[in-house]
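Reading through the structure tokens given below for one structure.
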Amino acid sequence: MATLIHSVELAADLLSAGELVAFPTETVYGLGADAENMQAVSKIYAAKNRPQNHPLIVHLSPEADWAYWADVSHPIVQALIEHFCPGPLTLILPKAPHIPVAATGGQDSIGLRCPSHSVAQALLRAFSERKPNHHAGVAAPSANKFGRLSPTQADHVLAEFHNLADLHVLAGDASEVGIESTILDVSRLQKGVPATLLRPGHITSVALAEVLGYLPRLPDRDAPRASGTLKAHYAPRTPMAYYEPEKPLLDGAIVLAYQPDLIGDGVAYSVMPRQARDYAHKLYARLHELDKKGYSCIYVQKLPKEAQWLGVQDRLQRAIAAFEYPNDA
Ligand code: TXA
Ligand code: MG
């Protein structure tokens with residue numbers, strides 16, 4: 001059984017000993033290991049059933065020296081860190097030569113993020129104190145099995161990994177943002193390639209444009225791979241589809257409702273918040289709940305197209321795609 005713990009010091013000791021520790025962040029819970037300990041990092045891949053070539057995000061404390069991990073000399077990179085970190089933004093940067101490629105899925109870039117969550121920060125600080133050079137990074141993907149819903153509560157992690165005896169879950173509150181960090185690739189700025197949005201999230205393209213001076217572009221064929229950008233990802237076990245009022249629904253289905261007044265008579269629904277940030281905060285927790293109830297299908301009512309909805313739209317699109325293209329997951 002995975003175990004819930006409350007001590008940051010114990011969690012930092014476990015990381016130092018090469019063990020896995022799941023911990024809360026403002027986006028989703030992460031499944032963490034010492035980023036420079038390759039045996040510890042390989043435990044993440046095994047626990048998640050994640051393909052080896054999918055890179056992990058390395059989490060840093062607010063005091064950390066980013067230059068130890070990556071080339072952050074570009075003025076745009078400096079401005080992005082200054083403006084958005086700590087916070088729900090991951091930057092893909094040119095990896096420093098001494099950082100092992102095992103943590104980066106064999107790529108010469110590295111994903112770095114400084115979470116704003118106080119428990120995550122306390123853990124990262126306590127872990128840094130245990131490193132002789134005080135440079136500490138915690139590699140952490142979302143604490144779910146590959147392709148499944150991300151956890152936003154400690155009990156989601158405990159349920160997902162109930163068979164994993166060596167896993168300790170550091171207790172925390174429900175993740176405030178509720179969807180994974182925005183990922184921005186700035187690893188090719190020196191080569192003249194503009195910033196590229198690999199995964200939309202709480203920090204929108206419009207907010208990024210205020211610092212970049214332009215809207216980040218969408219990924220092309222040369223952009224670094226990101227598992228969160230597979231067509232099918234973030235899926236519950238219950239099939240999902242878009243709600244189309246004119247089409248008949250499966251018996252025993254439920255609608256994830258945005259505008260309940262537009263849902264047909266006699267159709268079961270579960271009401272979601274009207275604001276994008278509240279919707280995102282609740283999304284995975286609601287899907288985890290509905291997933292336990294044995295519905296035949298979760299239909300999703302269409303959402304507004306504005307920038308602040310793109311993160312949520314993206315996760316729902318991928319969850320639905322998991323059932324349209326089951327072989328991609
Ligand atoms: O909010 C989050 O980002 C959460 C919390 C725990 O911080 N973490 C998370 O990790 O969502 P994960 O592994 O589920 O998604 C990380 C994404 C993956 O799609 C991965 O491919 C991409 O980041 N990534 C990491 N390093 C990369 C790199 N060097 N190049 C391209 N993509 C990278
Ligand atoms: Mg994930």
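Following the order of the structure tokens, first chain is A, next is B, and so on, with residues numbered from 1 inside each chain and ligands from 1 in the order they appear.
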Item checked: Residues near Phe323 of chain A, cut-off 9 Å, only C-alpha atoms, skip fewer than 6 positions along chain, as a list of chain:residue names -> A:Ala232, A:Ala235, A:Pro239, A:Met240, A:Ala241
Which residues form the shell of 10 Å around ligand 2 when you count only C-alpha atoms and all ligand atoms, given as a PDB file with N, CA and C atoms, in the first residue's frame?
```pdb
ATOM      1  N   VAL A  28      -1.230  19.861 -10.369  1.00  0.00           N
ATOM      2  CA  VAL A  28      -1.688  18.504 -10.058  1.00  0.00           C
ATOM      3  C   VAL A  28      -0.628  17.904  -9.121  1.00  0.00           C
ATOM      4  N   TYR A  29      -0.900  16.732  -8.538  1.00  0.00           N
ATOM      5  CA  TYR A  29       0.113  16.065  -7.710  1.00  0.00           C
ATOM      6  C   TYR A  29       1.190  15.465  -8.619  1.00  0.00           C
ATOM      7  N   GLY A  30       2.446  15.548  -8.160  1.00  0.00           N
ATOM      8  CA  GLY A  30       3.560  15.007  -8.927  1.00  0.00           C
ATOM      9  C   GLY A  30       4.092  13.730  -8.286  1.00  0.00           C
ATOM     10  N   LEU A  31       4.700  12.869  -9.103  1.00  0.00           N
ATOM     11  CA  LEU A  31       5.347  11.645  -8.621  1.00  0.00           C
ATOM     12  C   LEU A  31       6.844  11.903  -8.716  1.00  0.00           C
ATOM     13  N   LYS A  48       4.724   4.327 -13.369  1.00  0.00           N
ATOM     14  CA  LYS A  48       3.717   4.924 -14.244  1.00  0.00           C
ATOM     15  C   LYS A  48       3.432   4.086 -15.481  1.00  0.00           C
ATOM     16  N   ARG A  50       5.402   4.284 -18.014  1.00  0.00           N
ATOM     17  CA  ARG A  50       5.590   5.360 -18.986  1.00  0.00           C
ATOM     18  C   ARG A  50       6.724   5.019 -19.933  1.00  0.00           C
ATOM     19  N   LEU A  56      10.808  14.079 -18.385  1.00  0.00           N
ATOM     20  CA  LEU A  56      10.130  14.489 -17.155  1.00  0.00           C
ATOM     21  C   LEU A  56      10.421  15.956 -16.864  1.00  0.00           C
ATOM     22  N   ALA A 140       9.443  15.081 -11.749  1.00  0.00           N
ATOM     23  CA  ALA A 140       8.091  14.643 -11.378  1.00  0.00           C
ATOM     24  C   ALA A 140       7.102  14.829 -12.517  1.00  0.00           C
ATOM     25  N   PRO A 141       6.612  13.715 -13.045  1.00  0.00           N
ATOM     26  CA  PRO A 141       5.441  13.788 -13.915  1.00  0.00           C
ATOM     27  C   PRO A 141       4.203  13.801 -13.020  1.00  0.00           C
ATOM     28  N   SER A 142       3.034  13.944 -13.597  1.00  0.00           N
ATOM     29  CA  SER A 142       1.813  13.836 -12.813  1.00  0.00           C
ATOM     30  C   SER A 142       1.737  12.421 -12.210  1.00  0.00           C
ATOM     31  N   ALA A 143       1.176  12.335 -10.988  1.00  0.00           N
ATOM     32  CA  ALA A 143       1.208  11.077 -10.231  1.00  0.00           C
ATOM     33  C   ALA A 143       0.041  10.164 -10.602  1.00  0.00           C
ATOM     34  N   ASN A 144       0.025   9.763 -11.873  1.00  0.00           N
ATOM     35  CA  ASN A 144      -0.999   8.845 -12.370  1.00  0.00           C
ATOM     36  C   ASN A 144      -0.305   7.862 -13.313  1.00  0.00           C
ATOM     37  N   LYS A 145      -0.958   6.722 -13.580  1.00  0.00           N
ATOM     38  CA  LYS A 145      -0.415   5.794 -14.576  1.00  0.00           C
ATOM     39  C   LYS A 145      -0.492   6.463 -15.944  1.00  0.00           C
ATOM     40  N   PHE A 146       0.382   6.045 -16.840  1.00  0.00           N
ATOM     41  CA  PHE A 146       0.484   6.643 -18.172  1.00  0.00           C
ATOM     42  C   PHE A 146      -0.878   6.659 -18.885  1.00  0.00           C
ATOM     43  N   GLY A 147      -1.249   7.840 -19.376  1.00  0.00           N
ATOM     44  CA  GLY A 147      -2.482   7.959 -20.157  1.00  0.00           C
ATOM     45  C   GLY A 147      -3.739   8.176 -19.336  1.00  0.00           C
ATOM     46  N   ARG A 148      -3.647   8.110 -18.000  1.00  0.00           N
ATOM     47  CA  ARG A 148      -4.850   8.222 -17.166  1.00  0.00           C
ATOM     48  C   ARG A 148      -5.017   9.636 -16.623  1.00  0.00           C
ATOM     49  N   LEU A 149      -6.137   9.837 -15.930  1.00  0.00           N
ATOM     50  CA  LEU A 149      -6.436  11.154 -15.362  1.00  0.00           C
ATOM     51  C   LEU A 149      -5.370  11.571 -14.360  1.00  0.00           C
ATOM     52  N   SER A 150      -5.015  12.849 -14.364  1.00  0.00           N
ATOM     53  CA  SER A 150      -4.070  13.360 -13.369  1.00  0.00           C
ATOM     54  C   SER A 150      -4.770  13.519 -12.019  1.00  0.00           C
ATOM     55  N   PRO A 151      -3.997  13.391 -10.922  1.00  0.00           N
ATOM     56  CA  PRO A 151      -4.559  13.527  -9.574  1.00  0.00           C
ATOM     57  C   PRO A 151      -4.515  14.981  -9.093  1.00  0.00           C
ATOM     58  N   ILE A 179      -5.325  21.737 -13.542  1.00  0.00           N
ATOM     59  CA  ILE A 179      -4.822  21.116 -14.775  1.00  0.00           C
ATOM     60  C   ILE A 179      -3.314  21.363 -14.844  1.00  0.00           C
ATOM     61  N   GLU A 180      -2.619  20.532 -15.632  1.00  0.00           N
ATOM     62  CA  GLU A 180      -1.163  20.565 -15.682  1.00  0.00           C
ATOM     63  C   GLU A 180      -0.651  21.916 -16.184  1.00  0.00           C
ATOM     64  N   SER A 181       0.627  22.191 -15.846  1.00  0.00           N
ATOM     65  CA  SER A 181       1.240  23.476 -16.201  1.00  0.00           C
ATOM     66  C   SER A 181       1.236  23.725 -17.712  1.00  0.00           C
ATOM     67  N   ALA A 226       6.235  15.936 -26.434  1.00  0.00           N
ATOM     68  CA  ALA A 226       5.681  16.024 -25.082  1.00  0.00           C
ATOM     69  C   ALA A 226       4.556  15.015 -24.963  1.00  0.00           C
ATOM     70  N   SER A 227       4.643  14.148 -23.927  1.00  0.00           N
ATOM     71  CA  SER A 227       3.631  13.083 -23.832  1.00  0.00           C
ATOM     72  C   SER A 227       2.247  13.678 -23.624  1.00  0.00           C
ATOM     73  N   GLY A 228       2.192  14.821 -22.929  1.00  0.00           N
ATOM     74  CA  GLY A 228       0.905  15.484 -22.743  1.00  0.00           C
ATOM     75  C   GLY A 228       0.347  16.035 -24.042  1.00  0.00           C
ATOM     76  N   THR A 229       1.102  15.908 -25.133  1.00  0.00           N
ATOM     77  CA  THR A 229       0.590  16.392 -26.408  1.00  0.00           C
ATOM     78  C   THR A 229       0.174  15.237 -27.317  1.00  0.00           C
ATOM     79  N   HIS A 233      -4.930  11.305 -24.296  1.00  0.00           N
ATOM     80  CA  HIS A 233      -4.247  11.398 -23.015  1.00  0.00           C
ATOM     81  C   HIS A 233      -5.244  11.856 -21.983  1.00  0.00           C
ATOM     82  N   TYR A 234      -4.918  11.696 -20.714  1.00  0.00           N
ATOM     83  CA  TYR A 234      -5.737  12.227 -19.619  1.00  0.00           C
ATOM     84  C   TYR A 234      -7.152  11.646 -19.613  1.00  0.00           C
TER      85      TYR A 234
END
```
Exercise. Please report, as a ChimeraX atom specification, each residue of segment 188-272 of chain A to which DSSP assigns helix (DSSP H, G or I) when run on this structure's backbone.
Key: /A:189-191,205-212,227-229,260-262
- All strand (DSSP E) positions in segment 1-231 of chain A, as JSON, numbers by chain: {"A": [3, 4, 5, 21, 22, 23, 30, 31, 32, 33, 34, 57, 58, 59, 89, 90, 91, 92, 93, 94, 109, 110, 111, 112, 113, 138, 139, 168, 169, 170, 182, 183, 184, 185, 196, 197, 198, 199]}
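The shortest atom-to-atom distance to Ala154 of chain A, with only C-alpha atoms taken into account, belongs to A:His6 out of A:Thr196, A:Leu212, A:His59, A:His6.
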